[in-house]
>>> print(open('data17.tsv').read())   # TSV, C-alpha atoms
chain	number	residue	atom	x	y	z
A	1	GLU	CA	-12.53	49.48	-181.23
A	2	ILE	CA	-12.18	48.65	-177.54
A	3	ARG	CA	-12.60	52.34	-176.64
A	4	LYS	CA	-15.74	52.61	-178.76
A	5	MET	CA	-17.15	49.51	-177.11
A	6	LYS	CA	-16.45	50.93	-173.65
A	7	ASN	CA	-18.21	54.21	-174.58
A	8	LEU	CA	-21.25	52.30	-175.83
A	9	ILE	CA	-21.37	50.24	-172.65
A	10	CYS	CA	-21.10	53.41	-170.50
A	11	LYS	CA	-23.93	55.07	-172.44
A	12	PHE	CA	-26.10	51.98	-172.06
A	13	ILE	CA	-25.46	51.84	-168.30
A	14	ASN	CA	-26.32	55.55	-167.98
A	15	VAL	CA	-29.61	55.05	-169.82
A	16	ILE	CA	-30.54	52.14	-167.55
A	17	LEU	CA	-29.52	54.19	-164.48
A	18	LEU	CA	-31.62	57.14	-165.66
A	19	MET	CA	-34.69	54.95	-166.12
A	20	PHE	CA	-34.14	53.41	-162.68
A	21	VAL	CA	-33.71	56.80	-160.99
A	22	CYS	CA	-36.86	58.21	-162.62
A	23	HIS	CA	-38.91	55.28	-161.35
A	24	THR	CA	-37.55	55.18	-157.80
A	25	LEU	CA	-36.87	58.77	-156.67
A	26	ALA	CA	-40.50	59.29	-155.64
A	27	GLY	CA	-40.99	55.90	-154.09
A	28	GLN	CA	-43.42	53.81	-156.13
A	29	GLU	CA	-44.71	56.83	-158.10
A	30	SER	CA	-43.03	57.32	-161.49
A	31	LEU	CA	-43.24	60.15	-164.00
A	32	HIS	CA	-45.52	57.93	-166.07
A	33	ASP	CA	-47.90	57.46	-163.12
A	34	ILE	CA	-47.97	61.19	-162.41
A	35	PHE	CA	-48.66	62.18	-166.02
A	36	ILE	CA	-51.59	59.75	-166.17
A	37	GLN	CA	-53.09	61.35	-163.05
A	38	LEU	CA	-52.51	64.89	-164.35
A	39	LYS	CA	-54.33	64.01	-167.57
A	40	GLY	CA	-57.47	62.86	-165.74
A	41	ASP	CA	-60.35	64.88	-164.30
A	42	SER	CA	-60.70	63.14	-160.94
A	43	LEU	CA	-58.17	65.25	-158.99
A	44	ALA	CA	-58.67	68.71	-157.52
A	45	ASP	CA	-56.44	71.53	-158.79
A	46	ALA	CA	-54.41	71.59	-155.56
A	47	GLN	CA	-53.67	67.86	-155.93
A	48	LYS	CA	-52.54	68.35	-159.52
A	49	LEU	CA	-50.23	71.21	-158.49
A	50	THR	CA	-48.67	68.99	-155.82
A	51	LEU	CA	-48.18	66.20	-158.36
A	52	THR	CA	-46.52	68.40	-160.98
A	53	LYS	CA	-44.06	69.70	-158.35
A	54	LYS	CA	-43.27	66.09	-157.54
A	55	ALA	CA	-42.70	65.37	-161.25
A	56	GLU	CA	-40.38	68.39	-161.49
A	57	LYS	CA	-38.32	67.09	-158.57
A	58	ILE	CA	-38.07	63.60	-160.08
A	59	LEU	CA	-36.89	65.03	-163.39
A	60	VAL	CA	-34.44	67.52	-161.87
A	61	ASP	CA	-32.92	64.88	-159.57
A	62	SER	CA	-32.61	62.32	-162.34
A	63	LEU	CA	-30.96	64.81	-164.72
A	64	LYS	CA	-28.49	65.78	-161.99
A	65	LYS	CA	-27.62	62.17	-161.23
A	66	THR	CA	-27.10	61.01	-164.79
A	67	LYS	CA	-24.10	61.90	-166.96
A	68	LEU	CA	-26.28	62.15	-170.06
A	69	PHE	CA	-27.18	65.41	-171.77
A	70	ALA	CA	-30.70	65.81	-173.21
A	71	PRO	CA	-31.89	62.23	-172.62
A	72	SER	CA	-35.27	61.27	-174.05
A	73	PHE	CA	-37.73	60.00	-171.44
A	74	ASN	CA	-40.28	58.72	-173.96
A	75	HIS	CA	-43.26	60.28	-172.21
A	76	PRO	CA	-45.79	61.52	-174.80
A	77	GLU	CA	-47.16	64.03	-172.27
A	78	MET	CA	-43.76	65.72	-171.91
A	79	GLY	CA	-42.27	67.83	-174.68
A	80	ARG	CA	-38.53	67.96	-175.31
A	81	VAL	CA	-36.66	70.41	-177.55
A	82	LEU	CA	-32.91	70.42	-178.16
A	83	SER	CA	-31.03	73.41	-179.56
A	84	ASP	CA	-29.16	73.10	-182.84
A	85	ASP	CA	-25.85	73.88	-181.08
A	86	ASN	CA	-26.55	70.97	-178.70
A	87	LYS	CA	-26.16	73.13	-175.57
A	88	VAL	CA	-29.73	73.68	-174.33
A	89	CYS	CA	-32.49	71.15	-173.78
A	90	ILE	CA	-35.95	72.12	-172.51
A	91	TYR	CA	-38.51	69.70	-171.10
A	92	SER	CA	-42.07	70.97	-170.62
A	93	TRP	CA	-45.57	69.71	-169.95
A	94	ALA	CA	-49.02	71.11	-169.22
A	95	PHE	CA	-52.29	70.02	-167.69
A	96	GLN	CA	-55.77	71.52	-167.56
A	97	LEU	CA	-57.30	72.97	-164.41
A	98	SER	CA	-60.97	72.97	-163.42
A	99	ASP	CA	-61.59	76.41	-164.99
A	100	LYS	CA	-60.28	75.13	-168.37
A	101	SER	CA	-57.05	77.13	-168.06
A	102	TYR	CA	-53.68	75.38	-168.12
A	103	TYR	CA	-50.75	75.07	-165.75
A	104	TYR	CA	-47.18	74.42	-166.92
A	105	SER	CA	-43.93	72.91	-165.74
A	106	SER	CA	-40.56	73.17	-167.45
A	107	ILE	CA	-37.00	72.03	-166.77
A	108	VAL	CA	-34.00	73.55	-168.59
A	109	GLN	CA	-30.76	71.58	-168.91
A	110	THR	CA	-27.74	73.53	-170.17
A	111	LYS	CA	-24.32	72.22	-171.13
A	112	LEU	CA	-21.32	73.87	-169.47
A	113	ARG	CA	-17.60	73.49	-170.15
A	114	LYS	CA	-17.58	70.90	-167.41
A	115	GLY	CA	-20.84	69.14	-166.75
A	116	PHE	CA	-24.42	70.44	-166.93
A	117	ARG	CA	-26.78	72.76	-165.11
A	118	VAL	CA	-30.41	71.88	-164.43
A	119	GLU	CA	-33.00	74.55	-163.55
A	120	ALA	CA	-36.74	74.32	-162.96
A	121	LEU	CA	-38.74	77.30	-164.22
A	122	THR	CA	-41.09	78.59	-161.53
A	123	ILE	CA	-44.56	80.12	-161.82
A	124	LYS	CA	-44.96	82.36	-158.76
A	125	LYS	CA	-48.76	82.56	-158.56
A	126	SER	CA	-50.48	81.65	-161.81
A	127	PRO	CA	-49.60	81.65	-165.54
A	128	PHE	CA	-49.78	85.02	-167.29
A	129	VAL	CA	-49.29	86.64	-170.70
A	130	PRO	CA	-45.80	88.17	-170.87
A	131	GLN	CA	-45.43	91.72	-172.14
A	132	PRO	CA	-43.44	92.48	-175.33
A	133	THR	CA	-40.53	94.32	-173.73
A	134	GLU	CA	-40.10	92.88	-170.21
A	135	ARG	CA	-37.20	90.77	-168.98
A	136	ILE	CA	-38.39	87.61	-167.22
A	137	GLN	CA	-36.34	85.58	-164.76
A	138	ARG	CA	-36.60	81.82	-164.33
A	139	HIS	CA	-38.19	82.22	-160.86
A	140	ASN	CA	-41.09	84.32	-162.27
A	141	TRP	CA	-41.95	82.33	-165.39
A	142	TYR	CA	-45.22	82.87	-167.30
A	143	GLY	CA	-45.81	79.25	-168.35
A	144	ALA	CA	-45.79	77.74	-171.87
A	145	LEU	CA	-45.00	74.64	-173.90
A	146	TYR	CA	-41.98	75.16	-176.16
A	147	TYR	CA	-41.85	73.27	-179.45
A	148	LYS	CA	-38.87	74.87	-181.24
A	149	ILE	CA	-35.49	76.27	-180.23
A	150	ALA	CA	-32.88	77.81	-182.56
A	151	HIS	CA	-29.45	79.20	-181.69
A	152	VAL	CA	-28.46	82.68	-182.91
A	153	LYS	CA	-24.89	83.94	-182.74
A	154	TYR	CA	-23.65	87.20	-184.26
A	155	ARG	CA	-20.49	88.85	-182.93
A	156	ARG	CA	-21.13	89.22	-179.18
A	157	ASP	CA	-24.82	88.35	-179.47
A	158	ASN	CA	-25.50	84.80	-178.34
A	159	TYR	CA	-29.09	83.74	-177.64
A	160	TYR	CA	-31.88	81.34	-178.60
A	161	ILE	CA	-35.22	81.82	-180.32
A	162	LEU	CA	-38.06	79.82	-178.78
A	163	LEU	CA	-41.50	79.14	-180.23
A	164	GLY	CA	-44.19	78.20	-177.74
A	165	TRP	CA	-47.89	77.69	-177.06
A	166	ALA	CA	-50.08	78.40	-174.03
A	167	GLY	CA	-53.74	77.66	-173.40
A	168	LEU	CA	-54.64	80.82	-171.55
A	169	SER	CA	-58.32	80.05	-170.93
A	170	SER	CA	-61.38	78.45	-172.50
A	171	ILE	CA	-61.74	81.66	-174.57
A	172	THR	CA	-58.23	82.42	-175.83
A	173	HIS	CA	-54.91	80.69	-176.44
A	174	TYR	CA	-51.64	82.24	-177.51
A	175	LYS	CA	-48.43	81.38	-179.27
A	176	LEU	CA	-45.23	83.35	-178.84
A	177	ILE	CA	-41.79	84.05	-180.17
A	178	GLU	CA	-39.50	84.17	-177.14
A	179	VAL	CA	-35.84	85.03	-176.69
A	180	LEU	CA	-33.88	82.82	-174.30
A	181	ARG	CA	-30.56	83.93	-172.82
A	182	VAL	CA	-28.18	81.65	-170.93
A	183	ASP	CA	-25.46	83.14	-168.75
A	184	LYS	CA	-21.98	81.70	-168.21
A	185	SER	CA	-23.23	79.66	-165.27
A	186	GLY	CA	-25.98	78.11	-167.40
A	187	ARG	CA	-28.85	80.05	-165.82
A	188	PRO	CA	-31.72	80.81	-168.24
A	189	SER	CA	-33.65	84.09	-168.51
A	190	PHE	CA	-36.15	85.37	-171.03
A	191	GLY	CA	-36.31	88.51	-173.15
A	192	LYS	CA	-33.83	90.39	-175.32
A	193	GLN	CA	-34.75	93.23	-177.64
A	194	VAL	CA	-33.94	91.69	-181.01
A	195	LEU	CA	-37.37	91.69	-182.73
A	196	LYS	CA	-37.44	94.81	-184.90
A	197	LYS	CA	-40.99	95.95	-185.59
A	198	LYS	CA	-41.82	98.59	-188.18
A	199	GLY	CA	-40.86	102.07	-187.07
A	200	ARG	CA	-38.63	102.32	-184.00
A	201	GLN	CA	-40.19	99.55	-181.91
A	202	THR	CA	-37.97	96.71	-180.76
A	203	TRP	CA	-39.51	93.83	-178.82
A	204	SER	CA	-38.13	91.11	-176.56
A	205	ARG	CA	-40.90	88.72	-177.61
A	206	HIS	CA	-43.99	88.61	-179.79
A	207	VAL	CA	-47.27	87.21	-178.42
A	208	PHE	CA	-50.10	86.09	-180.71
A	209	GLU	CA	-53.35	85.76	-178.74
A	210	TYR	CA	-56.32	84.29	-180.62
A	211	ASN	CA	-59.69	82.55	-180.30
A	212	ALA	CA	-59.27	79.23	-178.47
A	213	GLU	CA	-61.35	77.35	-181.04
A	214	GLY	CA	-58.99	78.34	-183.86
A	215	LYS	CA	-55.48	77.35	-184.92
A	216	ILE	CA	-52.63	79.54	-186.11
A	217	VAL	CA	-49.31	78.94	-187.85
A	218	LEU	CA	-46.07	79.88	-186.11
A	219	ASN	CA	-43.10	78.04	-187.64
A	220	TYR	CA	-39.35	78.41	-187.97
A	221	ASP	CA	-37.63	77.93	-191.33
A	222	ASP	CA	-34.14	76.66	-190.48
A	223	ALA	CA	-32.74	77.04	-193.99
A	224	ALA	CA	-34.01	80.58	-194.57
A	225	LYS	CA	-33.48	81.76	-190.95
A	226	MET	CA	-37.05	83.01	-191.00
A	227	ILE	CA	-40.00	82.89	-188.59
A	228	VAL	CA	-43.33	82.53	-190.42
A	229	PHE	CA	-46.71	83.22	-188.82
A	230	ASP	CA	-50.35	83.90	-189.59
A	231	HIS	CA	-51.48	87.51	-189.79
A	232	LEU	CA	-54.22	87.81	-187.16
A	233	VAL	CA	-57.26	90.06	-187.56
A	234	PRO	CA	-60.58	90.51	-185.68
A	235	GLU	CA	-63.84	89.17	-187.14
A	236	SER	CA	-64.85	92.80	-187.66
A	237	MET	CA	-63.40	96.20	-186.77
A	238	MET	CA	-65.78	96.54	-183.84
A	239	TYR	CA	-63.82	93.73	-182.10
A	240	THR	CA	-60.40	95.37	-182.48
A	241	ASP	CA	-58.12	94.63	-179.49
A	242	ILE	CA	-60.40	91.83	-178.22
A	243	PRO	CA	-58.23	88.68	-178.70
A	244	SER	CA	-61.14	86.23	-178.42
A	245	TYR	CA	-62.36	87.49	-181.82
A	246	TYR	CA	-58.97	87.21	-183.54
A	247	GLY	CA	-57.96	84.60	-186.08
A	248	PRO	CA	-55.88	84.20	-189.28
A	249	ASP	CA	-56.81	86.00	-192.50
A	250	PHE	CA	-54.78	83.52	-194.63
A	251	THR	CA	-51.91	85.92	-195.25
A	252	TYR	CA	-48.51	85.53	-193.59
A	253	ASP	CA	-46.00	87.78	-191.88
A	254	THR	CA	-42.36	86.98	-191.13
A	255	TYR	CA	-39.32	87.91	-189.12
A	256	ASN	CA	-36.07	87.59	-191.07
A	257	LEU	CA	-32.66	87.32	-189.42
A	258	HIS	CA	-30.01	89.91	-190.33
A	259	GLU	CA	-26.87	90.60	-188.31
A	260	GLY	CA	-28.29	89.19	-185.09
A	261	LYS	CA	-31.65	90.99	-185.27
A	262	TRP	CA	-35.04	89.88	-186.58
A	263	TYR	CA	-36.82	92.26	-188.99
A	264	PHE	CA	-40.60	92.22	-189.41
A	265	ASN	CA	-42.18	91.89	-192.86
A	266	ASP	CA	-45.91	91.77	-193.52
A	267	ASN	CA	-47.98	90.10	-196.24
A	268	VAL	CA	-45.16	87.80	-197.39
A	269	ASP	CA	-45.64	85.08	-200.03
A	270	VAL	CA	-44.37	81.95	-198.25
A	271	ARG	CA	-45.94	79.29	-200.46
A	272	ASN	CA	-42.50	78.00	-201.48
A	273	LYS	CA	-41.20	78.20	-197.88
A	274	GLU	CA	-43.60	75.76	-196.23
>>> encode(input="data17.tsv", output="structure tokens")
Amino acid sequence: EIRKMKNLICKFINVILLMFVCHTLAGQESLHDIFIQLKGDSLADAQKLTLTKKAEKILVDSLKKTKLFAPSFNHPEMGRVLSDDNKVCIYSWAFQLSDKSYYYSSIVQTKLRKGFRVEALTIKKSPFVPQPTERIQRHNWYGALYYKIAHVKYRRDNYYILLGWAGLSSITHYKLIEVLRVDKSGRPSFGKQVLKKKGRQTWSRHVFEYNAEGKIVLNYDDAAKMIVFDHLVPESMMYTDIPSYYGPDFTYDTYNLHEGKWYFNDNVDVRNKE
């Protein structure tokens, strides 16, 4: 009982320390203050980019100083997803620029045998749409908000499935199925050819670009080990391959997990899976 009480006291002290660090590392400016400014329209794009870099530094420094893994910061503007094996936590946020596109920041915390590793994902120039087969390093990130992470382990395969969203422009948005790999040192990278399309195609990720005024389904079914998503079609055949005219046709496609790979199936009845 005494040991349990000591552990609870230590956890409480760490939480208080984390809150203190987050509010003092940047002087008087806290994460909360920065997120309020990023949400507004009064700042120029360059000022917003400077602020989000400051927020990244506050978060990275605070995660490095605390002994907690995957703490919740209770900021509604910042997303947080924790893997089901409790080894990867991703924080991400976005803000709109003057041209109605979005910019993104993300911090990845990974659990090691001893301690944690904290890495900021870096957009080199501007956000972009990643290609289906490319490998992407953390220092050349495309930019997205992640809302689901699931661990996959089969024999020597060990990776994570991510689901994410990105507001590409005022015309199109996209969602994606991403594959996250973490090396022995805890460094993240993106892309692994495990998505088996029909025929001989194997993708590292699947991007669904669609009209910005619409909404699409992209969900993960934990029990069935299945990714469910809207089948996207153009308004008419004359708009084929023009994403701004694409939207759901109210049928669903899936990827189903089998022996470490994900196999594509089209026109699947998922009414009992939702």
>>> atom_distance(input="data17.tsv", atom1="atom CA of Glu213 of chain A", atom2="atom CA of Ser170 of chain A")
8.6 Å
>>> closest_residue(input="data17.tsv", among="A:Arg135, A:Lys148, A:Lys125, A:Lys215", to="Tyr174 of chain A", atoms="only C-alpha atoms")
A:Lys215
>>> closest_residue(input="data17.tsv", among="A:Leu97, A:Leu180, A:Val88, A:Leu68", to="Ala44 of chain A", atoms="all atoms listed in the file")
A:Leu97
>>> closest_atom_pairs(input="data17.tsv", of="segment 104-147 of chain A", to="segment 186-200 of chain A", cutoff="9 Å", atoms="all atoms listed in the file", output="tab-separated table")
residue	atom	partner	partner_atom	distance
A:Val108	CA	A:Pro188	CA	7.6
A:Gln109	CA	A:Gly186	CA	8.2
A:Thr110	CA	A:Gly186	CA	5.6
A:Lys111	CA	A:Gly186	CA	7.2
A:Leu112	CA	A:Gly186	CA	6.6
A:Phe116	CA	A:Gly186	CA	7.8
A:Arg117	CA	A:Gly186	CA	5.9
A:Val118	CA	A:Gly186	CA	8.2
A:Glu119	CA	A:Arg187	CA	7.3
A:Leu121	CA	A:Pro188	CA	8.8
A:Pro132	CA	A:Gly191	CA	8.4
A:Thr133	CA	A:Gln193	CA	7.1
A:Glu134	CA	A:Gly191	CA	6.5
A:Arg135	CA	A:Gly191	CA	4.8
A:Ile136	CA	A:Phe190	CA	5.0
A:Gln137	CA	A:Ser189	CA	4.8
A:Arg138	CA	A:Ser189	CA	5.6
A:Trp141	CA	A:Phe190	CA	8.6
>>> atom_distance(input="data17.tsv", atom1="atom CA of Ile216 of chain A", atom2="atom CA of Val152 of chain A")
24.6 Å
>>> closest_residue(input="data17.tsv", among="A:Trp93, A:Tyr239, A:Val217, A:Ile149", to="Gly167 of chain A", atoms="only C-alpha atoms")
A:Trp93
>>> atom_distance(input="data17.tsv", atom1="atom CA of Phe95 of chain A", atom2="atom CA of Val233 of chain A")
28.7 Å
>>> closest_residue(input="data17.tsv", among="A:Ile171, A:Leu176, A:Met237, A:Leu163", to="Ala212 of chain A", atoms="all atoms listed in the file")
A:Ile171
>>> closest_residue(input="data17.tsv", among="A:Thr66, A:Asn86, A:Thr50, A:Ser72", to="Tyr103 of chain A", atoms="all atoms listed in the file")
A:Thr50
>>> residues_around(input="data17.tsv", residues="Glu77 of chain A", least_positions_apart="4", cutoff="9 Å", atoms="all atoms listed in the file", output="PyMOL selection string")
chain A and resi 32+35-36+39+92-94
>>> residues_around(input="data17.tsv", residues="Arg113 of chain A", least_positions_apart="5", cutoff="12 Å", atoms="all atoms listed in the file", output="PyMOL selection string")
chain A and resi 87+184-186
>>> residues_around(input="data17.tsv", residues="Pro127 of chain A", least_positions_apart="3", cutoff="12 Å", atoms="only C-alpha atoms", output="list in words")
Ala94, Leu97, Ser101, Tyr102, Tyr103, Tyr104, Ser105, Leu121, Thr122, Ile123, Lys124, Pro130, Asn140, Trp141, Tyr142, Gly143, Ala144, Leu145, Ala166, Gly167, Leu168 and Ser169 of chain A
>>> closest_residue(input="data17.tsv", among="A:Val60, A:Met238, A:Ala70, A:Leu43", to="Leu31 of chain A", atoms="only C-alpha atoms")
A:Val60
>>> decode(input="data17.tsv", residues="segment 67-80 of chain A", atoms="N, CA and C atoms", output="tab-separated table (two decimals), in the first residue's frame")
chain	number	residue	atom	x	y	z
A	67	LYS	N	8.79	12.54	-16.95
A	67	LYS	CA	8.98	11.09	-16.98
A	67	LYS	C	7.71	10.36	-17.42
A	68	LEU	N	6.72	11.12	-17.86
A	68	LEU	CA	5.45	10.53	-18.28
A	68	LEU	C	5.48	10.15	-19.74
A	69	PHE	N	4.80	9.06	-20.08
A	69	PHE	CA	4.61	8.69	-21.48
A	69	PHE	C	3.18	9.00	-21.89
A	70	ALA	N	3.04	9.66	-23.04
A	70	ALA	CA	1.73	9.97	-23.64
A	70	ALA	C	0.83	10.80	-22.72
A	71	PRO	N	1.35	11.85	-22.08
A	71	PRO	CA	0.47	12.67	-21.24
A	71	PRO	C	-0.56	13.42	-22.08
A	72	SER	N	-1.70	13.68	-21.49
A	72	SER	CA	-2.74	14.45	-22.16
A	72	SER	C	-2.61	15.91	-21.75
A	73	PHE	N	-2.55	16.81	-22.74
A	73	PHE	CA	-2.36	18.23	-22.44
A	73	PHE	C	-3.67	19.00	-22.38
A	74	ASN	N	-4.77	18.33	-22.72
A	74	ASN	CA	-6.10	18.94	-22.63
A	74	ASN	C	-6.23	20.22	-23.45
A	75	HIS	N	-5.64	20.21	-24.64
A	75	HIS	CA	-5.81	21.32	-25.57
A	75	HIS	C	-6.71	20.83	-26.71
A	76	PRO	N	-7.92	21.37	-26.85
A	76	PRO	CA	-8.83	20.89	-27.90
A	76	PRO	C	-8.28	21.08	-29.31
A	77	GLU	N	-7.35	22.03	-29.48
A	77	GLU	CA	-6.78	22.27	-30.81
A	77	GLU	C	-5.73	21.24	-31.19
A	78	MET	N	-5.26	20.47	-30.22
A	78	MET	CA	-4.18	19.50	-30.47
A	78	MET	C	-4.71	18.08	-30.36
A	79	GLY	N	-4.54	17.31	-31.43
A	79	GLY	CA	-4.94	15.91	-31.41
A	79	GLY	C	-3.88	15.04	-30.76
A	80	ARG	N	-4.33	13.93	-30.18
A	80	ARG	CA	-3.42	12.98	-29.53
A	80	ARG	C	-3.93	11.57	-29.79
